[in-house]
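Raw entry_4.txt, compact mmCIF, C-alpha atoms:
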# COMPACT_ATOMS: atom_id res chain seq x y z
CA MET A 85 52.59 16.87 72.25
CA LYS A 86 54.33 19.69 74.08
CA LYS A 87 57.50 18.95 72.17
CA THR A 88 55.61 19.21 68.87
CA LYS A 89 54.18 22.61 69.82
CA ASN A 90 57.63 23.85 70.79
CA THR A 91 59.01 22.60 67.50
CA LYS A 92 56.30 24.43 65.58
CA LYS A 93 57.02 27.61 67.55
CA LEU A 94 60.71 27.27 66.76
CA ILE A 95 59.97 26.86 63.04
CA LEU A 96 57.66 29.88 63.03
CA CYS A 97 60.19 32.01 64.90
CA THR A 98 62.96 30.93 62.55
CA ALA A 99 60.82 31.74 59.49
CA ALA A 100 59.93 35.15 60.92
CA LEU A 101 63.58 35.86 61.69
CA LEU A 102 64.60 34.88 58.18
CA LEU A 103 61.91 37.13 56.72
CA ILE A 104 63.07 40.08 58.83
CA THR A 105 66.70 39.40 58.00
CA THR A 106 66.19 39.09 54.25
CA THR A 107 64.03 42.23 54.26
CA ALA A 108 66.83 44.06 56.05
CA PHE A 109 69.35 42.82 53.48
CA ALA A 110 67.08 43.88 50.64
CA ASN A 111 67.03 47.43 52.02
CA GLU A 112 70.67 47.48 53.06
CA TYR A 113 72.49 50.77 52.55
CA PRO A 114 74.60 51.54 50.66
CA PRO A 115 73.61 49.40 47.67
CA ASP A 116 76.20 47.29 45.89
CA ASN A 117 75.98 49.39 42.71
CA ALA A 118 77.47 52.89 42.92
CA ALA A 119 75.41 54.05 39.93
CA VAL A 120 72.24 53.87 42.06
CA LEU A 121 73.60 56.56 44.38
CA TYR A 122 75.00 58.67 41.55
CA TYR A 123 71.58 58.69 39.87
CA LYS A 124 70.11 59.68 43.24
CA ALA A 125 72.60 62.57 43.44
CA PHE A 126 71.70 63.67 39.89
CA MET A 127 68.02 63.85 40.86
CA LEU A 128 68.71 65.69 44.13
CA TYR A 129 71.09 68.21 42.63
CA LYS A 130 69.05 71.14 41.38
CA PRO A 131 71.60 73.75 40.31
CA ASP A 132 70.45 77.37 40.17
CA ASP A 133 72.36 80.55 39.39
CA THR A 134 74.69 79.67 42.26
CA MET A 135 76.05 76.80 40.17
CA TYR A 136 78.05 79.17 37.95
CA VAL A 137 79.55 81.00 40.94
CA LEU A 138 80.28 77.60 42.46
CA SER A 139 82.22 76.39 39.42
CA ASP A 140 84.23 79.65 39.37
CA TYR A 141 85.13 79.07 43.02
CA ALA A 142 86.04 75.45 42.31
CA ILE A 143 88.57 76.43 39.63
CA GLY A 144 89.93 79.44 41.53
CA LYS A 145 88.29 82.26 39.58
CA THR A 146 86.47 83.70 42.59
CA ALA A 147 86.81 83.69 46.37
CA LEU A 148 84.61 81.97 48.92
CA ASN A 149 81.65 84.17 49.83
CA GLU A 150 78.44 84.01 51.82
CA THR A 151 76.36 82.84 48.86
CA ILE A 152 78.67 79.89 48.14
CA THR A 153 78.96 78.96 51.83
CA GLU A 154 75.19 79.00 52.27
CA PHE A 155 74.67 76.84 49.16
CA LEU A 156 77.31 74.29 50.20
CA THR A 157 76.03 73.95 53.77
CA LYS A 158 72.30 73.70 53.17
CA ARG A 159 70.80 70.27 53.82
CA GLN A 160 69.77 69.57 50.22
CA THR A 161 73.33 70.13 48.98
CA GLN A 162 74.78 68.03 51.79
CA LYS A 163 72.50 65.14 50.78
CA VAL A 164 73.95 65.29 47.27
CA ILE A 165 77.52 65.34 48.61
CA GLU A 166 76.76 62.43 50.94
CA ALA A 167 75.31 60.37 48.07
CA VAL A 168 78.42 61.00 45.93
CA THR A 169 80.78 60.24 48.83
CA ASP A 170 78.97 56.99 49.63
CA ALA A 171 78.89 56.00 45.95
CA SER A 172 82.63 56.58 45.60
CA GLN A 173 83.29 53.92 48.26
CA ILE A 174 81.50 51.20 46.28
CA GLN A 175 83.63 49.15 43.92
CA ASN A 176 80.94 48.11 41.43
CA CYS A 177 79.37 50.72 39.16
CA ASP A 178 76.95 49.54 36.47
CA TRP A 179 75.33 52.41 34.57
CA GLY A 180 72.80 50.16 32.85
CA LEU A 181 74.13 50.83 29.35
CA ASN A 182 72.55 49.06 26.38
CA PHE A 183 75.51 48.24 24.15
CA ASP A 184 73.18 46.73 21.55
CA GLU A 185 72.29 50.30 20.58
CA GLY A 186 75.82 50.81 19.24
CA PHE A 187 76.66 54.44 18.50
CA GLU A 188 73.11 55.43 19.39
CA MET A 189 73.72 54.35 23.00
CA GLU A 190 72.95 57.26 25.34
CA MET A 191 75.21 58.12 28.29
CA PRO A 192 73.58 61.21 29.87
CA TYR A 193 75.26 60.56 33.21
CA LEU A 194 78.62 61.72 31.87
CA GLY A 195 77.59 65.38 31.77
CA SER A 196 76.06 65.09 35.24
CA LEU A 197 79.30 63.67 36.64
CA ARG A 198 81.17 66.77 35.51
CA LYS A 199 78.59 69.05 37.16
CA LEU A 200 78.88 67.12 40.40
CA GLY A 201 82.66 67.42 40.12
CA TYR A 202 82.54 71.19 40.54
CA LEU A 203 80.26 70.81 43.56
CA ILE A 204 82.57 68.32 45.29
CA ILE A 205 85.67 70.42 44.62
CA ALA A 206 83.99 73.59 45.87
CA HIS A 207 83.07 71.76 49.06
CA ALA A 208 86.63 70.45 49.43
CA LYS A 209 88.10 73.92 49.06
CA MET A 210 85.68 75.36 51.62
CA LEU A 211 86.73 72.66 54.10
CA ALA A 212 90.40 73.47 53.42
CA GLU A 213 89.80 77.15 54.10
CA GLN A 214 88.26 76.11 57.41
CA GLY A 215 91.46 74.20 58.21
CA ASP A 216 90.00 70.69 57.93
CA TYR A 217 92.56 69.41 55.42
CA LYS A 218 91.89 65.71 55.82
CA ALA A 219 88.18 66.18 55.16
CA ALA A 220 89.05 68.37 52.17
CA PHE A 221 91.36 65.71 50.75
CA SER A 222 88.69 63.06 51.40
CA GLN A 223 86.36 64.99 49.11
CA CYS A 224 89.04 65.20 46.41
CA LEU A 225 89.66 61.46 46.73
CA ALA A 226 85.93 60.80 46.48
CA LEU A 227 85.92 62.75 43.23
CA LYS A 228 88.88 60.76 41.90
CA LYS A 229 86.99 57.55 42.67
CA MET A 230 83.90 58.99 40.99
CA ALA A 231 86.07 59.69 37.96
CA THR A 232 87.11 56.03 37.80
CA HIS A 233 83.41 55.13 37.86
CA ALA A 234 82.96 57.13 34.64
CA GLY A 235 84.79 54.11 33.32
CA ASP A 236 86.34 52.90 30.11
CA ASP A 237 83.13 51.59 28.53
CA THR A 238 83.81 53.88 25.55
CA LEU A 239 86.39 56.48 24.54
CA VAL A 240 83.88 59.19 25.46
CA SER A 241 83.50 57.90 29.01
CA PHE A 242 87.28 57.49 29.28
CA LEU A 243 87.81 61.13 28.29
CA VAL A 244 85.27 62.22 30.92
CA TYR A 245 87.27 60.19 33.46
CA ILE A 246 90.41 62.10 32.38
CA ALA A 247 88.68 65.48 32.78
CA VAL A 248 87.08 64.78 36.18
CA ASN A 249 90.25 63.19 37.54
CA ALA A 250 92.28 66.21 36.43
CA LEU A 251 89.80 68.47 38.26
CA ALA A 252 90.34 66.45 41.45
CA ASN A 253 94.14 66.49 41.05
CA GLY A 254 94.09 70.25 40.56
CA ALA A 255 92.16 70.68 43.79
CA VAL A 256 94.63 68.51 45.74
CA GLN A 257 97.43 70.60 44.26
CA ASP A 258 95.69 73.82 45.38
CA ILE A 259 95.02 72.55 48.90
CA LEU A 260 98.51 71.23 49.60
CA ASN A 261 100.54 73.53 51.83
CA SER A 262 103.15 73.45 54.58
CA ASP A 263 100.59 73.54 57.44
CA ILE A 264 99.36 69.99 56.80
CA ASP A 265 100.56 67.42 59.34
CA ILE A 266 102.69 64.43 58.33
CA SER A 267 100.09 61.80 59.20
CA THR A 268 97.55 63.41 56.86
CA LEU A 269 100.15 63.67 54.08
CA ASN A 270 101.18 60.02 54.51
CA TRP A 271 97.51 58.99 54.45
CA LEU A 272 96.92 61.09 51.33
CA ARG A 273 99.84 59.52 49.50
CA GLU A 274 98.69 55.99 50.35
CA GLN A 275 95.21 56.80 49.05
CA LEU A 276 96.54 58.31 45.84
CA LEU A 277 98.71 55.27 45.16
CA PHE A 278 95.77 52.93 45.76
CA ILE A 279 93.41 54.84 43.46
CA GLN A 280 96.11 54.83 40.79
CA THR A 281 95.84 51.02 40.64
CA THR A 282 92.09 51.15 39.87
CA GLN A 283 92.06 53.77 37.11
CA PRO A 284 90.44 53.08 33.72
CA GLN A 285 92.71 52.32 30.79
CA ALA A 286 92.64 53.85 27.31
CA LYS A 287 93.34 50.46 25.75
CA ASP A 288 90.21 48.96 27.36
CA ALA A 289 88.11 51.86 26.09
CA LEU A 290 89.45 51.26 22.59
CA ILE A 291 88.65 47.54 22.78
CA ASN A 292 85.09 48.34 23.88
CA ASP A 293 84.71 50.90 21.12
CA LEU A 294 85.90 48.31 18.60
CA SER A 295 83.23 45.88 19.77
CA ILE A 296 80.51 48.54 19.65
CA ALA A 297 81.60 49.84 16.26
CA LEU A 298 81.76 46.42 14.63
CA LYS A 299 78.41 45.36 16.01
CA TRP A 300 76.81 48.59 14.89
CA LYS A 301 78.32 48.41 11.42
CA GLU A 302 77.24 44.81 10.97
CA GLN A 303 73.66 45.27 12.22
CA ALA A 304 72.48 48.82 11.68
CA ILE A 305 74.63 50.59 9.11
CA LYS A 306 72.14 50.08 6.28
CA GLU A 307 69.43 51.82 8.28
CA VAL A 308 71.39 55.05 8.89
CA PRO A 309 70.87 57.88 6.37
CA VAL A 310 74.06 58.55 4.39
CA GLU A 311 73.54 62.29 4.97
CA SER A 312 74.40 61.78 8.65
CA PHE A 313 78.01 60.94 7.74
CA SER A 314 78.91 63.55 5.15
CA ASP A 315 77.53 66.59 3.33
CA ASP A 316 79.65 65.78 0.30
CA PRO A 317 77.57 64.13 -2.49
CA ASN A 318 80.65 62.18 -3.64
CA ASP A 319 81.14 60.69 -0.17
CA GLN A 320 77.45 59.85 0.02
CA GLN A 321 77.64 58.05 -3.30
CA LYS A 322 80.64 55.98 -2.11
CA PHE A 323 78.77 55.14 1.04
CA ARG A 324 75.72 53.91 -0.90
CA GLU A 325 77.91 51.76 -3.13
CA ILE A 326 79.44 50.04 -0.13
CA ILE A 327 76.30 49.38 1.91
CA ASN A 328 74.54 47.99 -1.15
CA ASN A 329 77.39 45.56 -1.81
CA ASP A 330 77.49 42.90 0.92
CA GLU A 331 80.94 41.66 -0.09
CA LEU A 332 82.47 45.14 -0.10
CA LEU A 333 80.72 45.97 3.18
CA ALA A 334 82.19 42.85 4.81
CA LYS A 335 85.67 43.80 3.55
CA ASN A 336 85.29 47.32 4.99
CA ILE A 337 84.34 45.88 8.36
CA GLU A 338 87.29 43.49 8.33
CA TYR A 339 89.65 46.32 7.33
CA PHE A 340 88.33 48.34 10.29
CA ARG A 341 88.89 45.40 12.64
CA ARG A 342 92.50 44.92 11.53
CA HIS A 343 93.32 48.60 11.79
CA MET A 344 91.74 48.93 15.24
CA ASN A 345 93.70 45.95 16.53
CA ARG A 346 96.95 47.57 15.40
CA ILE A 347 95.97 50.72 17.26
CA ILE A 348 95.19 48.74 20.43
CA GLN A 349 98.60 47.06 20.21
CA ALA A 350 100.25 50.49 19.98
CA PHE A 351 98.48 51.63 23.14
CA SER A 352 99.99 48.62 24.93
CA LEU A 353 103.53 49.81 24.16
CA PRO A 354 105.48 52.22 26.39
CA TYR A 355 106.04 55.78 25.25
CA PRO A 356 107.60 56.83 22.87
CA LYS A 357 107.45 53.56 20.89
CA GLY A 358 103.66 53.35 21.13
CA TYR A 359 103.20 56.96 20.07
CA GLN A 360 105.53 56.57 17.11
CA GLN A 361 103.62 53.50 15.96
CA LEU A 362 100.34 55.42 16.23
CA LYS A 363 101.74 58.25 14.12
CA GLU A 364 102.83 55.78 11.45
CA ILE A 365 99.51 53.94 11.16
CA GLY A 366 97.00 56.60 12.28
CA ASN A 367 96.60 58.45 8.97
CA PHE A 368 97.12 55.42 6.76
CA PRO A 369 93.39 54.64 6.14
CA THR A 370 92.74 58.19 4.88
CA GLU A 371 95.48 57.86 2.29
CA ASP A 372 94.65 54.24 1.50
CA ALA A 373 90.97 55.06 0.95
CA LYS A 374 91.89 57.20 -2.08
CA SER A 375 92.59 54.02 -4.05
CA ASN A 376 91.27 51.21 -1.85
CA PRO A 377 87.45 51.05 -1.37
CA GLU A 378 87.93 48.61 1.52
CA ALA A 379 89.46 51.42 3.61
CA TYR A 380 86.57 53.85 3.23
CA PHE A 381 84.68 53.17 6.47
CA THR A 382 87.85 53.25 8.53
CA ALA A 383 88.88 56.57 7.01
CA VAL A 384 85.44 58.06 7.78
CA PHE A 385 84.77 56.63 11.23
CA PHE A 386 88.14 56.21 12.87
CA PRO A 387 88.83 58.53 15.85
CA ALA A 388 91.94 60.71 16.21
CA VAL A 389 93.71 58.16 18.37
CA SER A 390 97.06 59.96 18.45
CA ARG A 391 95.32 62.85 20.25
CA ILE A 392 93.74 60.40 22.70
CA TYR A 393 97.20 58.95 23.33
CA ILE A 394 98.53 62.46 24.07
CA VAL A 395 95.63 63.27 26.42
CA ASN A 396 96.29 60.00 28.25
CA LEU A 397 100.01 60.79 28.43
CA ARG A 398 99.33 64.24 29.91
CA ALA A 399 97.00 62.67 32.47
CA LYS A 400 99.69 60.21 33.54
CA ALA A 401 102.22 63.02 33.90
CA ASN A 402 99.74 64.95 36.06
CA GLU A 403 99.02 61.89 38.21
CA TYR A 404 102.65 60.91 38.75
CA ALA A 405 103.73 64.50 39.43
CA LEU A 406 101.05 64.83 42.12
CA ASN A 407 102.25 61.66 43.86
CA CYS A 408 105.81 62.92 43.61
CA ALA A 409 104.80 66.32 45.05
CA VAL A 410 103.10 64.78 48.08
CA GLY A 411 106.36 62.96 48.82
CA ILE A 412 108.19 66.30 48.72
CA PHE A 413 105.63 67.84 51.09
CA ILE A 414 106.17 64.93 53.48
CA GLU A 415 109.93 65.58 53.48
CA ASN A 416 109.28 69.29 53.99
CA ALA A 417 106.99 68.52 56.96
CA LYS A 418 109.69 66.34 58.52
CA SER A 419 112.63 68.74 58.23
CA LYS A 420 110.80 72.07 57.90
CA LYS A 421 112.56 72.69 54.60
CA LEU A 422 112.33 71.46 51.04
CA PRO A 423 114.62 68.54 50.18
CA ASP A 424 117.54 69.22 47.83
CA SER A 425 116.54 66.29 45.62
CA LEU A 426 113.52 64.09 45.04
CA PRO A 427 112.71 61.42 47.66
CA PRO A 428 114.07 58.04 46.49
CA ASP A 429 110.61 56.45 46.18
CA SER A 430 109.24 59.19 43.88
CA PRO A 431 107.47 58.06 40.68
CA ASN A 432 109.20 58.83 37.40
CA ASP A 433 108.17 61.12 34.58
CA PRO A 434 106.11 58.79 32.32
CA LEU A 435 107.61 60.34 29.16
CA SER A 436 111.33 59.91 29.86
CA ARG A 437 110.83 57.19 32.51
CA LYS A 438 113.44 59.11 34.52
CA PRO A 439 112.91 61.26 37.66
CA PHE A 440 110.96 64.48 37.21
CA ILE A 441 113.05 67.62 36.87
CA TYR A 442 112.80 69.26 40.29
CA GLU A 443 113.36 72.98 40.84
CA LYS A 444 112.92 75.03 44.00
CA THR A 445 111.29 78.45 43.67
CA ASN A 446 110.68 81.41 45.99
CA LYS A 447 107.14 80.17 46.57
CA GLY A 448 107.67 76.41 46.58
CA PHE A 449 108.84 74.09 43.80
CA ILE A 450 108.19 72.98 40.22
CA LEU A 451 108.15 69.49 38.74
CA LYS A 452 108.77 69.18 35.01
CA CYS A 453 108.74 66.44 32.41
CA ASP A 454 111.92 66.18 30.36
CA GLU A 455 111.43 68.64 27.48
CA ASN A 456 113.42 66.41 25.13
CA SER A 457 110.88 63.61 25.65
CA VAL A 458 107.79 65.71 24.89
CA PRO A 459 106.35 65.09 21.37
CA GLN A 460 107.37 67.81 18.92
CA GLU A 461 103.79 68.92 18.29
CA GLU A 462 103.32 69.30 22.04
CA LYS A 463 106.24 71.72 22.55
CA LYS A 464 103.87 74.69 22.40
CA TYR A 465 101.95 73.18 25.32
CA MET A 466 104.94 72.78 27.63
CA ASP A 467 102.97 74.34 30.49
CA LYS A 468 100.86 71.15 30.51
CA TYR A 469 104.01 69.20 31.38
CA GLU A 470 105.06 71.51 34.23
CA PHE A 471 103.48 71.40 37.69
CA GLU A 472 103.93 74.20 40.22
CA TYR A 473 103.35 73.80 43.96
CA GLU A 474 103.35 76.52 46.61
CA LEU A 475 104.22 76.13 50.28

Since I need it in another form, could you write the structure as structure tokens?
Amino acid sequence: MKKTKNTKKLILCTAALLLITTTAFANEYPPDNAAVLYYKAFMLYKPDDTMYVLSDYAIGKTALNETITEFLTKRQTQKVIEAVTDASQIQNCDWGLNFDEGFEMEMPYLGSLRKLGYLIIAHAKMLAEQGDYKAAFSQCLALKKMATHAGDDTLVSFLVYIAVNALANGAVQDILNSDIDISTLNWLREQLLFIQTTQPQAKDALINDLSIALKWKEQAIKEVPVESFSDDPNDQQKFREIINNDELLAKNIEYFRRHMNRIIQAFSLPYPKGYQQLKEIGNFPTEDAKSNPEAYFTAVFFPAVSRIYIVNLRAKANEYALNCAVGIFIENAKSKKLPDSLPPDSPNDPLSRKPFIYEKTNKGFILKCDENSVPQEEKKYMDKYEFEYEL
């Protein structure tokens, strides 16, 4: 009888322990979805007039002052920064998007991510001015991870990733200087290389956009007013003719699918072959649509993919140059002088696939992409392919 009572006690204790344990797991922090913490940060962040001064400080238009310092150090702001920092450490990020909505799918978080970006960079720069370089770089790295969480669900989200990641890279570039110790620089380079392996890809964004576009065209296109696509009565008439002809509509959708797949294949090729292929096929639907009614939807809806390719190319150049620059700073920290040539493990210029052009200056050094490899229409933007670093 005593044994039975003890057994019952053991069962009850075990059940209670399991209940406590599962309850603890249910409330475990941080959650396994980074989006939960980002949404929390969005709700906590209540920008006021200080926000505009903060963004100017983040991009170097104004100096740190008492107003900015007070805003960045108050508890409410620190809670926002903590939420973003914690979210950036979580691998999974599900924004709860409803892809069945097609082009009507709302992604309001993208604008909020950019606002948070200025906050995080301002905080990083304040920490750097206080001499805490590792903490400053940690904030920049958190922002780079947040940028990857913007994702490649669509081309729009991919372009937001590009913008936020560039903001983070610019801050790292601004904070780098000769006073940073070697261990911090080595740690920074390892982190940058790791994050580079997790970055969203333009090709994946295109594939997702293809899926969304085809689904939307097949299911909802007849419900959308033709006036939303063009103000031209002739275009509207063409549109009505297509959506009222199931066979022609199906051929338009298939034409779009084939063209999009060719574009995706081009994005898989290395530069400059991929870019040249995009230039050859990018404008084809517009010309083809003049005589081929099957090309009409593609001509109207297709994005300017050659520009997206260029934006992606610039972003890669920025990323690789930053990694290369950190290697130079490491060599400078070791020998107390700039190296005469690039360290042997430096990443190459993504355009020429050769080492960056490296030039010492009175203030530091410059890394350049090979001018001969830059697309002709980009020659007027050569400053976007040059990266200057001060010691």

Around the point (77.1, 57.7, 45.8) in the file's coordinates, collect all residues with an atom within 9 Å, using all atoms listed in the file, and return them as a ChimeraX atom specification. /A:114,117-125,164-174,230

Pairwise distance for CA of Leu251 in chain A and CA of Ala206 in chain A, rounded to one decimal in Å: 10.9 Å

Just checking: using only C-alpha atoms, which residue out of A:Ala417, A:Ile394, A:Ile327, A:Leu156 ends up closest to Gly358 in chain A? A:Ile394

Could you name the residues that touch range 380-393 of chain A at 8 Å or less, counting only C-alpha atoms, but leaving out those on the same chain fewer than 5 positions away, as a PyMOL selection string? chain A and resi 286+313+336-337+339-340+343+347+351+359+362-363+366+369-370+373

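The spacing separating CA of Ile291 in chain A from CA of Pro431 in chain A amounts to 28.0 Å.
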
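Going from CA of Ile266 in chain A to CA of Val410 in chain A covers 10.3 Å.
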